[in-house]
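Engineer: Before anything else, here's the structure in question.
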Amino acid sequence: MFTLPILQQDQMTRLSKVSASDQEQCEIHNSSSEGVLDRAALIKEHAYSLDQINISGATDHEKLAYYRACNGDVKKAEQRLQATLNWRQERNVDKLLKDPKMLQKEGEMRRILWYDYLGPDKHGRPVLVERVGRWNVNQVLSTIYHDDKNKTDDDPAANSGDDSRTLCEFQDLHIMSCETLLQMSREQSNNNKPSNNMLDDRGQVVIMDLAGLRPWHLRRKLASAFGRIAKVDSDHYPDTLAHIWIVNAPCLFRALCKMVQHFLDPDTVGKFHVSSTVPKELVECVGEDCLPEELLGKRKGIFPYNESGRISGFPRPV
């Protein structure tokens, strides 16, 4: 499950000082919303450099991802890719999607974090949607940390070393989500029909629906937990995000995004799209066939918007 960094209370306090007129202008729509990365062309362009990444069994697409993540530094790319391969072995990553107990737990987590896989978009990229504003934060914290429900952020035990152990399973469930998206990215289009638009076979599209987001989502322990899985993404799943659409965003959240984008590189900024509504650009980017009607798509009764509906069949048996 992918999720946005949770704002701390002091950040919300600072944002509350932003004028209403400024907040209303904090929509972020990037002109590159329909851009599709042609990885095959990039592999040809950087073939010599990728050949210098001497790691047995690594694909050109994996080499390219780490090469891009390291800004063209071949040595660093090789070191990071090797570190990921070692991490995968130590963590038994390849076994997670074959573990019936973990698959059951991941399915249960979808009804707590309210996320699911929508399948491939019109370009063949897998799409994930998560209804962050729908979270019951106490339930999320209890599930992540296996906490006593009466424990608070101010409790000394809330920041004890036991957290590392309780977070391990949560990280495994997140790893399963990352692996599922990578597995889906090898599918070519809706209904498994061949597609000539399959240029970016690593990129993924994430939709975060913030409708219902409230100040009580701003918990220190929640930020800590998702900070740890964000590090997993950064270290071991680089160059996978094609676009992230943040829809139905409250005005204060939009103001923060507007402030933060000035500190990000242009490539990263071009992947983020923030709106107070569900913008038509989202449909133009991914296509209406994969989207639920709540996101201006054609599909009806789709989980997680139909909360009693069936979750998707992803990951498929391997």
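Identifiers in this document derive from the order of the structure tokens: chains are assigned A, B, ..., residues are numbered from 1 separately in each chain, and ligands are numbered from 1 in order of occurrence.
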Using DSSP on the backbone coordinates, identify the residues of segment 172-245 of chain A assigned to strand (DSSP E); present them as a PDB file with N, CA and C atoms, in the first residue's frame.
Structural biologist:
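Dumped everything to out35.pdb:
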ATOM      1  N   GLN A 204       4.341   3.038 -12.420  1.00  0.00           N
ATOM      2  CA  GLN A 204       3.070   2.766 -11.759  1.00  0.00           C
ATOM      3  C   GLN A 204       2.354   4.077 -11.479  1.00  0.00           C
ATOM      4  N   VAL A 205       1.034   4.021 -11.397  1.00  0.00           N
ATOM      5  CA  VAL A 205       0.219   5.192 -11.104  1.00  0.00           C
ATOM      6  C   VAL A 205      -0.485   4.975  -9.771  1.00  0.00           C
ATOM      7  N   VAL A 206      -0.355   5.943  -8.875  1.00  0.00           N
ATOM      8  CA  VAL A 206      -0.973   5.863  -7.552  1.00  0.00           C
ATOM      9  C   VAL A 206      -1.966   7.008  -7.412  1.00  0.00           C
ATOM     10  N   ILE A 207      -3.170   6.687  -6.941  1.00  0.00           N
ATOM     11  CA  ILE A 207      -4.207   7.689  -6.704  1.00  0.00           C
ATOM     12  C   ILE A 207      -4.522   7.708  -5.220  1.00  0.00           C
ATOM     13  N   MET A 208      -4.304   8.861  -4.584  1.00  0.00           N
ATOM     14  CA  MET A 208      -4.603   9.022  -3.174  1.00  0.00           C
ATOM     15  C   MET A 208      -5.844   9.897  -3.042  1.00  0.00           C
ATOM     16  N   ASP A 209      -6.918   9.340  -2.498  1.00  0.00           N
ATOM     17  CA  ASP A 209      -8.163  10.090  -2.316  1.00  0.00           C
ATOM     18  C   ASP A 209      -8.218  10.580  -0.872  1.00  0.00           C
ATOM     19  N   LEU A 241       7.543   5.124  -9.750  1.00  0.00           N
ATOM     20  CA  LEU A 241       6.383   6.005  -9.759  1.00  0.00           C
ATOM     21  C   LEU A 241       6.308   6.799 -11.054  1.00  0.00           C
ATOM     22  N   ALA A 242       5.264   6.533 -11.827  1.00  0.00           N
ATOM     23  CA  ALA A 242       5.037   7.315 -13.045  1.00  0.00           C
ATOM     24  C   ALA A 242       4.253   8.582 -12.716  1.00  0.00           C
ATOM     25  N   HIS A 243       3.182   8.426 -11.946  1.00  0.00           N
ATOM     26  CA  HIS A 243       2.367   9.562 -11.534  1.00  0.00           C
ATOM     27  C   HIS A 243       1.740   9.264 -10.187  1.00  0.00           C
ATOM     28  N   ILE A 244       1.575  10.301  -9.371  1.00  0.00           N
ATOM     29  CA  ILE A 244       0.752  10.198  -8.169  1.00  0.00           C
ATOM     30  C   ILE A 244      -0.282  11.306  -8.229  1.00  0.00           C
ATOM     31  N   TRP A 245      -1.531  10.888  -8.165  1.00  0.00           N
ATOM     32  CA  TRP A 245      -2.644  11.831  -8.214  1.00  0.00           C
ATOM     33  C   TRP A 245      -3.240  11.936  -6.819  1.00  0.00           C
TER      34      TRP A 245
END
Engineer: Might you pull out every residue within 12 Å of Gly133 of chain A, with only C-alpha atoms counted and same-chain residues fewer than 6 positions away left off, and present them as a list in words?
Structural biologist: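 Answer for this query is Thr3, Leu4, Ile6, Ile112, Leu113, Trp114, Tyr115, Met208, Asp209, Leu210, Ala211, Gly212, Leu213, Arg214, Pro215, Trp216, His217, Leu218, Ile246, Val247, Asn248, Ala249, Pro250 and Tyr305 of chain A.
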Engineer: Those residues with N, CA and C atoms, as a tab-separated table (two decimals), in the first residue's frame please?
Structural biologist:
chain	number	residue	atom	x	y	z
A	3	THR	N	1.25	5.34	0.43
A	3	THR	CA	0.54	6.41	1.10
A	3	THR	C	1.41	7.64	1.22
A	4	LEU	N	0.76	8.76	1.36
A	4	LEU	CA	1.47	10.02	1.49
A	4	LEU	C	2.07	10.16	2.87
A	6	ILE	N	2.37	11.55	6.36
A	6	ILE	CA	1.35	12.16	7.18
A	6	ILE	C	1.90	13.44	7.80
A	112	ILE	N	-8.62	-2.04	5.84
A	112	ILE	CA	-8.24	-1.14	6.93
A	112	ILE	C	-7.65	0.15	6.36
A	113	LEU	N	-6.78	0.00	5.34
A	113	LEU	CA	-6.22	1.17	4.67
A	113	LEU	C	-7.03	1.56	3.43
A	114	TRP	N	-8.05	0.78	3.10
A	114	TRP	CA	-8.96	1.08	2.01
A	114	TRP	C	-8.23	1.37	0.70
A	115	TYR	N	-7.48	0.36	0.26
A	115	TYR	CA	-6.77	0.47	-1.01
A	115	TYR	C	-7.02	-0.78	-1.83
A	208	MET	N	-4.30	8.86	-4.58
A	208	MET	CA	-4.60	9.02	-3.17
A	208	MET	C	-5.84	9.90	-3.04
A	209	ASP	N	-6.92	9.34	-2.50
A	209	ASP	CA	-8.16	10.09	-2.32
A	209	ASP	C	-8.22	10.58	-0.87
A	210	LEU	N	-8.12	11.90	-0.70
A	210	LEU	CA	-8.06	12.48	0.65
A	210	LEU	C	-9.42	12.97	1.15
A	211	ALA	N	-10.49	12.64	0.46
A	211	ALA	CA	-11.82	13.05	0.91
A	211	ALA	C	-12.05	12.54	2.33
A	212	GLY	N	-12.36	13.46	3.25
A	212	GLY	CA	-12.58	13.08	4.63
A	212	GLY	C	-11.37	13.24	5.53
A	213	LEU	N	-10.23	13.69	4.96
A	213	LEU	CA	-9.03	13.88	5.77
A	213	LEU	C	-9.28	14.92	6.86
A	214	ARG	N	-8.89	14.58	8.10
A	214	ARG	CA	-9.12	15.45	9.24
A	214	ARG	C	-7.85	15.56	10.08
A	215	PRO	N	-7.81	16.53	11.01
A	215	PRO	CA	-6.61	16.70	11.84
A	215	PRO	C	-6.20	15.46	12.60
A	216	TRP	N	-7.14	14.58	12.94
A	216	TRP	CA	-6.76	13.40	13.70
A	216	TRP	C	-6.00	12.36	12.85
A	217	HIS	N	-5.87	12.62	11.57
A	217	HIS	CA	-4.97	11.78	10.77
A	217	HIS	C	-3.50	12.12	11.05
A	218	LEU	N	-3.25	13.20	11.74
A	218	LEU	CA	-1.89	13.72	11.92
A	218	LEU	C	-1.29	13.17	13.20
A	246	ILE	N	-3.23	13.14	-6.27
A	246	ILE	CA	-3.79	13.39	-4.95
A	246	ILE	C	-5.08	14.16	-5.17
A	247	VAL	N	-6.20	13.49	-4.97
A	247	VAL	CA	-7.49	14.08	-5.31
A	247	VAL	C	-8.31	14.36	-4.05
A	248	ASN	N	-9.27	15.26	-4.19
A	248	ASN	CA	-10.13	15.67	-3.08
A	248	ASN	C	-9.30	16.14	-1.89
A	249	ALA	N	-8.24	16.87	-2.19
A	249	ALA	CA	-7.30	17.30	-1.15
A	249	ALA	C	-7.82	18.55	-0.43
A	250	PRO	N	-7.78	18.57	0.91
A	250	PRO	CA	-8.16	19.77	1.65
A	250	PRO	C	-7.24	20.92	1.31
A	305	TYR	N	-14.38	1.81	-3.04
A	305	TYR	CA	-15.50	2.75	-2.91
A	305	TYR	C	-16.78	2.01	-2.55
Engineer: Please identify every residue of segment 228-309 of chain A that has at least one atom no farther than 12 Å from an atom of segment 47-69 of chain A, counting only C-alpha atoms, and for each give the shortest atom pair and the distance in Å to one decimal, arranged by chain then increasing number, as a tab-separated table.
Structural biologist:
residue	atom	partner	partner_atom	distance
A:Asp233	CA	A:Ala69	CA	11.8
A:Ser234	CA	A:Ala69	CA	9.1
A:Asp235	CA	A:Tyr66	CA	9.7
A:His236	CA	A:Tyr66	CA	9.2
A:Tyr237	CA	A:Ala65	CA	8.6
A:Pro238	CA	A:Ala65	CA	6.2
A:Asp239	CA	A:Ala65	CA	5.3
A:Thr240	CA	A:Ala65	CA	7.8
A:Leu241	CA	A:Ala65	CA	10.8
A:Asp267	CA	A:Arg68	CA	10.9
A:Thr268	CA	A:Ala69	CA	11.1
Engineer: Compile the contact shell of segment 286-291 of chain A as a PDB file with N, CA, C and O atoms, in the first residue's frame: residues with an atom at most 9 Å away, counting only C-alpha atoms, same-chain residues fewer than 2 positions apart removed.
Structural biologist:
ATOM      1  N   GLU A  34       0.266  13.269 -19.111  1.00  0.00           N
ATOM      2  CA  GLU A  34       0.055  12.148 -20.017  1.00  0.00           C
ATOM      3  C   GLU A  34       1.371  11.564 -20.525  1.00  0.00           C
ATOM      4  O   GLU A  34       1.376  10.650 -21.330  1.00  0.00           O
ATOM      5  N   LEU A 118      -6.423  -1.380  -9.320  1.00  0.00           N
ATOM      6  CA  LEU A 118      -7.443  -1.206 -10.344  1.00  0.00           C
ATOM      7  C   LEU A 118      -7.088  -1.897 -11.647  1.00  0.00           C
ATOM      8  O   LEU A 118      -7.886  -1.894 -12.579  1.00  0.00           O
ATOM      9  N   GLY A 119      -5.889  -2.482 -11.715  1.00  0.00           N
ATOM     10  CA  GLY A 119      -5.448  -3.090 -12.960  1.00  0.00           C
ATOM     11  C   GLY A 119      -4.644  -2.108 -13.777  1.00  0.00           C
ATOM     12  O   GLY A 119      -4.332  -0.996 -13.322  1.00  0.00           O
ATOM     13  N   PRO A 120      -4.309  -2.457 -15.012  1.00  0.00           N
ATOM     14  CA  PRO A 120      -3.493  -1.569 -15.851  1.00  0.00           C
ATOM     15  C   PRO A 120      -4.299  -0.428 -16.447  1.00  0.00           C
ATOM     16  O   PRO A 120      -5.487  -0.561 -16.718  1.00  0.00           O
ATOM     17  N   ASP A 121      -3.623   0.714 -16.644  1.00  0.00           N
ATOM     18  CA  ASP A 121      -4.277   1.851 -17.293  1.00  0.00           C
ATOM     19  C   ASP A 121      -4.158   1.711 -18.803  1.00  0.00           C
ATOM     20  O   ASP A 121      -3.734   0.668 -19.322  1.00  0.00           O
ATOM     21  N   LYS A 122      -4.506   2.759 -19.527  1.00  0.00           N
ATOM     22  CA  LYS A 122      -4.524   2.670 -20.987  1.00  0.00           C
ATOM     23  C   LYS A 122      -3.125   2.521 -21.576  1.00  0.00           C
ATOM     24  O   LYS A 122      -2.979   2.153 -22.736  1.00  0.00           O
ATOM     25  N   HIS A 123      -2.099   2.792 -20.776  1.00  0.00           N
ATOM     26  CA  HIS A 123      -0.722   2.618 -21.226  1.00  0.00           C
ATOM     27  C   HIS A 123      -0.097   1.328 -20.676  1.00  0.00           C
ATOM     28  O   HIS A 123       1.094   1.102 -20.847  1.00  0.00           O
ATOM     29  N   ARG A 125       0.207   0.581 -17.473  1.00  0.00           N
ATOM     30  CA  ARG A 125       0.810   0.772 -16.152  1.00  0.00           C
ATOM     31  C   ARG A 125      -0.191   0.401 -15.065  1.00  0.00           C
ATOM     32  O   ARG A 125      -1.364   0.765 -15.134  1.00  0.00           O
ATOM     33  N   VAL A 127      -2.374   0.513 -11.715  1.00  0.00           N
ATOM     34  CA  VAL A 127      -2.942   1.639 -10.974  1.00  0.00           C
ATOM     35  C   VAL A 127      -3.394   1.154  -9.600  1.00  0.00           C
ATOM     36  O   VAL A 127      -4.067   0.128  -9.483  1.00  0.00           O
ATOM     37  N   ASN A 190      -5.613  -3.511 -20.582  1.00  0.00           N
ATOM     38  CA  ASN A 190      -6.870  -4.014 -20.047  1.00  0.00           C
ATOM     39  C   ASN A 190      -7.309  -5.259 -20.813  1.00  0.00           C
ATOM     40  O   ASN A 190      -7.106  -5.391 -22.012  1.00  0.00           O
ATOM     41  N   VAL A 205       1.034   4.021 -11.397  1.00  0.00           N
ATOM     42  CA  VAL A 205       0.219   5.192 -11.104  1.00  0.00           C
ATOM     43  C   VAL A 205      -0.485   4.975  -9.771  1.00  0.00           C
ATOM     44  O   VAL A 205      -1.122   3.937  -9.562  1.00  0.00           O
ATOM     45  N   GLU A 281      -7.990  15.687 -15.885  1.00  0.00           N
ATOM     46  CA  GLU A 281      -6.651  15.287 -16.315  1.00  0.00           C
ATOM     47  C   GLU A 281      -6.302  13.874 -15.845  1.00  0.00           C
ATOM     48  O   GLU A 281      -5.517  13.174 -16.490  1.00  0.00           O
ATOM     49  N   LEU A 282      -6.876  13.457 -14.721  1.00  0.00           N
ATOM     50  CA  LEU A 282      -6.648  12.088 -14.251  1.00  0.00           C
ATOM     51  C   LEU A 282      -7.174  11.084 -15.276  1.00  0.00           C
ATOM     52  O   LEU A 282      -6.503  10.102 -15.609  1.00  0.00           O
ATOM     53  N   VAL A 283      -8.370  11.341 -15.765  1.00  0.00           N
ATOM     54  CA  VAL A 283      -8.975  10.447 -16.768  1.00  0.00           C
ATOM     55  C   VAL A 283      -8.153  10.464 -18.047  1.00  0.00           C
ATOM     56  O   VAL A 283      -7.930   9.420 -18.676  1.00  0.00           O
ATOM     57  N   GLU A 284      -7.686  11.641 -18.442  1.00  0.00           N
ATOM     58  CA  GLU A 284      -6.859  11.744 -19.650  1.00  0.00           C
ATOM     59  C   GLU A 284      -5.551  10.974 -19.482  1.00  0.00           C
ATOM     60  O   GLU A 284      -5.026  10.420 -20.445  1.00  0.00           O
ATOM     61  N   GLU A 293     -16.378   4.878 -11.027  1.00  0.00           N
ATOM     62  CA  GLU A 293     -17.166   6.066 -11.348  1.00  0.00           C
ATOM     63  C   GLU A 293     -16.915   7.203 -10.363  1.00  0.00           C
ATOM     64  O   GLU A 293     -17.068   8.377 -10.715  1.00  0.00           O
ATOM     65  N   GLU A 294     -16.486   6.891  -9.137  1.00  0.00           N
ATOM     66  CA  GLU A 294     -16.183   7.927  -8.159  1.00  0.00           C
ATOM     67  C   GLU A 294     -14.969   8.755  -8.576  1.00  0.00           C
ATOM     68  O   GLU A 294     -14.763   9.877  -8.089  1.00  0.00           O
ATOM     69  N   LEU A 295     -14.170   8.210  -9.491  1.00  0.00           N
ATOM     70  CA  LEU A 295     -13.006   8.923 -10.021  1.00  0.00           C
ATOM     71  C   LEU A 295     -13.210   9.247 -11.504  1.00  0.00           C
ATOM     72  O   LEU A 295     -12.252   9.317 -12.271  1.00  0.00           O
ATOM     73  N   LEU A 296     -14.477   9.413 -11.889  1.00  0.00           N
ATOM     74  CA  LEU A 296     -14.876   9.815 -13.244  1.00  0.00           C
ATOM     75  C   LEU A 296     -14.649   8.717 -14.276  1.00  0.00           C
ATOM     76  O   LEU A 296     -14.553   9.000 -15.473  1.00  0.00           O
ATOM     77  N   GLY A 297     -14.569   7.473 -13.807  1.00  0.00           N
ATOM     78  CA  GLY A 297     -14.394   6.350 -14.714  1.00  0.00           C
ATOM     79  C   GLY A 297     -15.699   5.644 -15.028  1.00  0.00           C
ATOM     80  O   GLY A 297     -16.786   6.084 -14.643  1.00  0.00           O
ATOM     81  N   LYS A 298     -15.585   4.512 -15.706  1.00  0.00           N
ATOM     82  CA  LYS A 298     -16.761   3.756 -16.155  1.00  0.00           C
ATOM     83  C   LYS A 298     -17.160   2.627 -15.203  1.00  0.00           C
ATOM     84  O   LYS A 298     -18.280   2.124 -15.287  1.00  0.00           O
ATOM     85  N   ARG A 299     -16.266   2.227 -14.323  1.00  0.00           N
ATOM     86  CA  ARG A 299     -16.518   1.031 -13.515  1.00  0.00           C
ATOM     87  C   ARG A 299     -17.414   1.354 -12.314  1.00  0.00           C
ATOM     88  O   ARG A 299     -17.201   2.324 -11.605  1.00  0.00           O
ATOM     89  N   LYS A 300     -18.396   0.502 -12.091  1.00  0.00           N
ATOM     90  CA  LYS A 300     -19.355   0.704 -11.007  1.00  0.00           C
ATOM     91  C   LYS A 300     -19.179  -0.364  -9.928  1.00  0.00           C
ATOM     92  O   LYS A 300     -18.840  -1.509 -10.214  1.00  0.00           O
ATOM     93  N   ILE A 302     -17.010  -0.646  -7.474  1.00  0.00           N
ATOM     94  CA  ILE A 302     -15.640  -1.131  -7.318  1.00  0.00           C
ATOM     95  C   ILE A 302     -15.118  -0.827  -5.908  1.00  0.00           C
ATOM     96  O   ILE A 302     -15.241   0.291  -5.412  1.00  0.00           O
TER      97      ILE A 302
END
Engineer: For a quick check of understanding, using only C-alpha atoms, which of A:Asp116, A:Glu130, A:Asp38, A:Glu78 has the smallest distance to Arg202 of chain A?
Structural biologist: A:Asp38
Engineer: When you draw a straight line from atom CA of Arg228 of chain A to atom CA of Leu97 of chain A, how long is it in Å?
Structural biologist: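 Interatomic distance here is 20.8 Å.
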Engineer: Give me the residues near Arg310 of chain A as number ranges by chain, where near means some atom within 12 Å (using only C-alpha atoms) and where sequence neighbours in that chain fewer than 4 positions away do not count.
Structural biologist: A: 107-108, 110-111, 115-117, 301-306, 314
Engineer: Output N, CA and C atoms for every residue in the selection just made, as a short mmCIF file (atom, residue, chain, number, x, y, z; two decimals), in the first residue's frame.
Structural biologist:
data_model
loop_
_atom_site.label_atom_id
_atom_site.label_comp_id
_atom_site.auth_asym_id
_atom_site.auth_seq_id
_atom_site.Cartn_x
_atom_site.Cartn_y
_atom_site.Cartn_z
N GLY A 107 -4.91 -9.09 2.27
CA GLY A 107 -6.30 -8.84 1.89
C GLY A 107 -7.07 -8.13 2.99
N GLU A 108 -6.81 -8.52 4.24
CA GLU A 108 -7.47 -7.88 5.38
C GLU A 108 -7.01 -6.43 5.52
N ARG A 110 -6.33 -4.39 3.22
CA ARG A 110 -6.98 -3.53 2.23
C ARG A 110 -8.26 -2.91 2.78
N ARG A 111 -8.92 -3.61 3.70
CA ARG A 111 -10.16 -3.08 4.29
C ARG A 111 -9.89 -2.23 5.52
N TYR A 115 -7.48 0.36 0.26
CA TYR A 115 -6.77 0.47 -1.01
C TYR A 115 -7.02 -0.78 -1.83
N ASP A 116 -6.77 -0.66 -3.11
CA ASP A 116 -6.86 -1.83 -3.99
C ASP A 116 -6.18 -1.51 -5.33
N TYR A 117 -6.00 -2.55 -6.10
CA TYR A 117 -5.37 -2.45 -7.42
C TYR A 117 -6.47 -2.39 -8.47
N GLY A 301 -19.43 0.05 -8.69
CA GLY A 301 -19.41 -0.91 -7.58
C GLY A 301 -18.04 -1.46 -7.27
N ILE A 302 -17.01 -0.65 -7.47
CA ILE A 302 -15.64 -1.13 -7.32
C ILE A 302 -15.12 -0.83 -5.91
N PHE A 303 -14.55 -1.84 -5.28
CA PHE A 303 -13.84 -1.65 -4.01
C PHE A 303 -12.58 -0.82 -4.29
N PRO A 304 -12.19 0.11 -3.44
CA PRO A 304 -12.65 0.34 -2.08
C PRO A 304 -13.77 1.37 -1.93
N TYR A 305 -14.38 1.81 -3.04
CA TYR A 305 -15.50 2.75 -2.91
C TYR A 305 -16.78 2.01 -2.55
N ASN A 306 -16.99 0.87 -3.14
CA ASN A 306 -18.06 -0.02 -2.68
C ASN A 306 -17.44 -0.88 -1.58
N PHE A 314 -5.75 -9.33 -7.62
CA PHE A 314 -4.30 -9.15 -7.56
C PHE A 314 -3.84 -9.32 -6.12
#
Engineer: Find the residue from A:Ala83, A:Leu167, A:Lys105, A:Val137 that sits nearest to Phe226 of chain A; use only C-alpha atoms when measuring.
Structural biologist: A:Leu167
